[in-house]
Structure formats: structure tokens, C-alpha cells
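S.K.: Pasting a structure below so you can have a look.
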Amino acid sequence: MSVGLACRVPGASSPDELWRLLSNGIEWIADEPHDGRFWDLLSASGITEPERRMVERGGYLSDMDKFDASFFGIAPREAQSMDPQQRLVLELSWEALEHGGIIAAAINGMEAGIFIPLELLDRFLKTGGGRSMVANHVSRFFGLHGPGMSVDCGQYSSLVAVHLACECIRSGESVLALAGGVHLNLSSGSGVGMLKFGALCPDGRSFVFDARAA
């Protein structure tokens, strides 16, 4: 049984890079790579100068606008309408198979399960923007015939996805399973909403695992 891993997190584009960050205690929280529109939003929302620091810091991925649509058999118009989370899932699914030593062409037609937790109005909106299609895009690209579902269980969606993948293999429903989670916060407005709700740390930093946790 092959096990492959893939990840894309702030400051690390692979499991080895993530382990390096964790091992060396490197922080990858940084100021938001924003433009003038971000500050216009803050001003319009009545954000004060002391509150700005609470909103602008976070974990940010780079190159989210880059995607090789033709490689994954995605039409240009559909690629423009696709949720970037769907594009990221496709890329990481390929990388996870590579990491596990699995050749993509060899699993075409295989009974394999896909379990993934998660504005243009045109005919690609449903396939490019619908969350239910995240797992099915992966199944279509790799030619898989097993179950495919997008899991939404709040903050523990990824754990549930892994559990479902394991059960799928144990039951014999599939001989291979891909499980993963994806989350991209692409709207500055969501940070403002969290600030108004009182859910952000006063200094823009989170200390979850020590005595400084609020």
C-alpha cells in the first residue's frame, strides 16, 4: 500500500518544507500582500489605525493566480470561472500520487474514492464554482470510478475526509483513496468581518499553544 502526501501552506510548498518550518520554529505569518483597494475597504468599514494590525497579518499563499488549465484538461473559459480551491485540489492530488510513487496513467479506470473538504454568471459557474464538484473534477481528470464527495463538517472536515477514505478502503469499496482539505480566504472583507465579531487577536498574532493564548 502506497501512501503519498502533498501540501501547500504559507511558507511551504511540500511536506518536507513544512517539516523544516516546524522543526526550526519558523513563523510564516506576514502582512497581507495587498494593494490600495485593501486600505480603501478598511477606511470604508470604519477600521481605526490600531485595528489595522489585527486585520492585515495572516498566512498567505503565493501564485494562486497561476494554473496550467490545459494540463488538467480544463477549458480556458471554465478555468476563469473555477474556484481557486478547485485548482489547488487538482494540483495537490497529482503531487500526492507522485509522492506515493503512483503513476497517474496506471490508475485510470480504477475504483478509487475522492474525499475533499471545502463571479461570473456563465455556463461554467456550476462546475467551476460549485463545491460539490471539487472531488468530481479530480475523478474526471484521473478517470476514477469510485465514490467522490466534498465533505463539509466545519473545522474538522479534513479529519472526517481522511476517516471516510480509510473506511472506503477497509470496506473494499475502493482500492485507492485520495483525501484532503482546502481553504483559501480570498476576500479582505472576511477579515474585517472577523474583526467586528471580536475574533481576532489584538496584536495580529495567535498564541494558541502557550500561556499567552487569549
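Residue numbers start at 1 in each chain; chains themselves are named A, B, ... in the order of the C-alpha cells; ligands are numbered from 1 in the order shown.
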When you look at range 95-99 of chain A with a cut-off of 12 Å (counting only C-alpha atoms), what residues show up, excluding the ones that are within fewer than 5 positions of it in the same chain? I need them as a VMD selection string.

M.R.: chain A and resid 2 to 8 13 to 16 88 to 90 104 to 107 138 142 176 to 180

S.K.: Quick one: pull the distance between CA of His163 in chain A and CA of Met64 in chain A, Å, one decimal.

M.R.: 28.5 Å

S.K.: Residues of range 73-102 of chain A classed as helix (DSSP H, G or I) by DSSP on the backbone are to be reported as a PyMOL selection string.

M.R.: chain A and resi 76-81+84-99

S.K.: Return as a PyMOL selection string the full set of residues in range 45-191 of chain A whose backbone-based DSSP assignment is strand (DSSP E or B).

M.R.: chain A and resi 57-58+112-117+148-151+176-179

S.K.: Would you please work out which residue, of A:Trp28, A:Met54, A:Phe71, A:Asn185, is nearest to Asp83 in chain A when using only C-alpha atoms?

M.R.: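 When distances to Asp83 in chain A are compared using only C-alpha atoms, the smallest one comes from A:Asn185.
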
S.K.: Could you pull the residues within 12 Å of Cys166 in chain A, counting only C-alpha atoms, minus those fewer than 3 positions along the same chain, as a count of residues only?

M.R.: 21
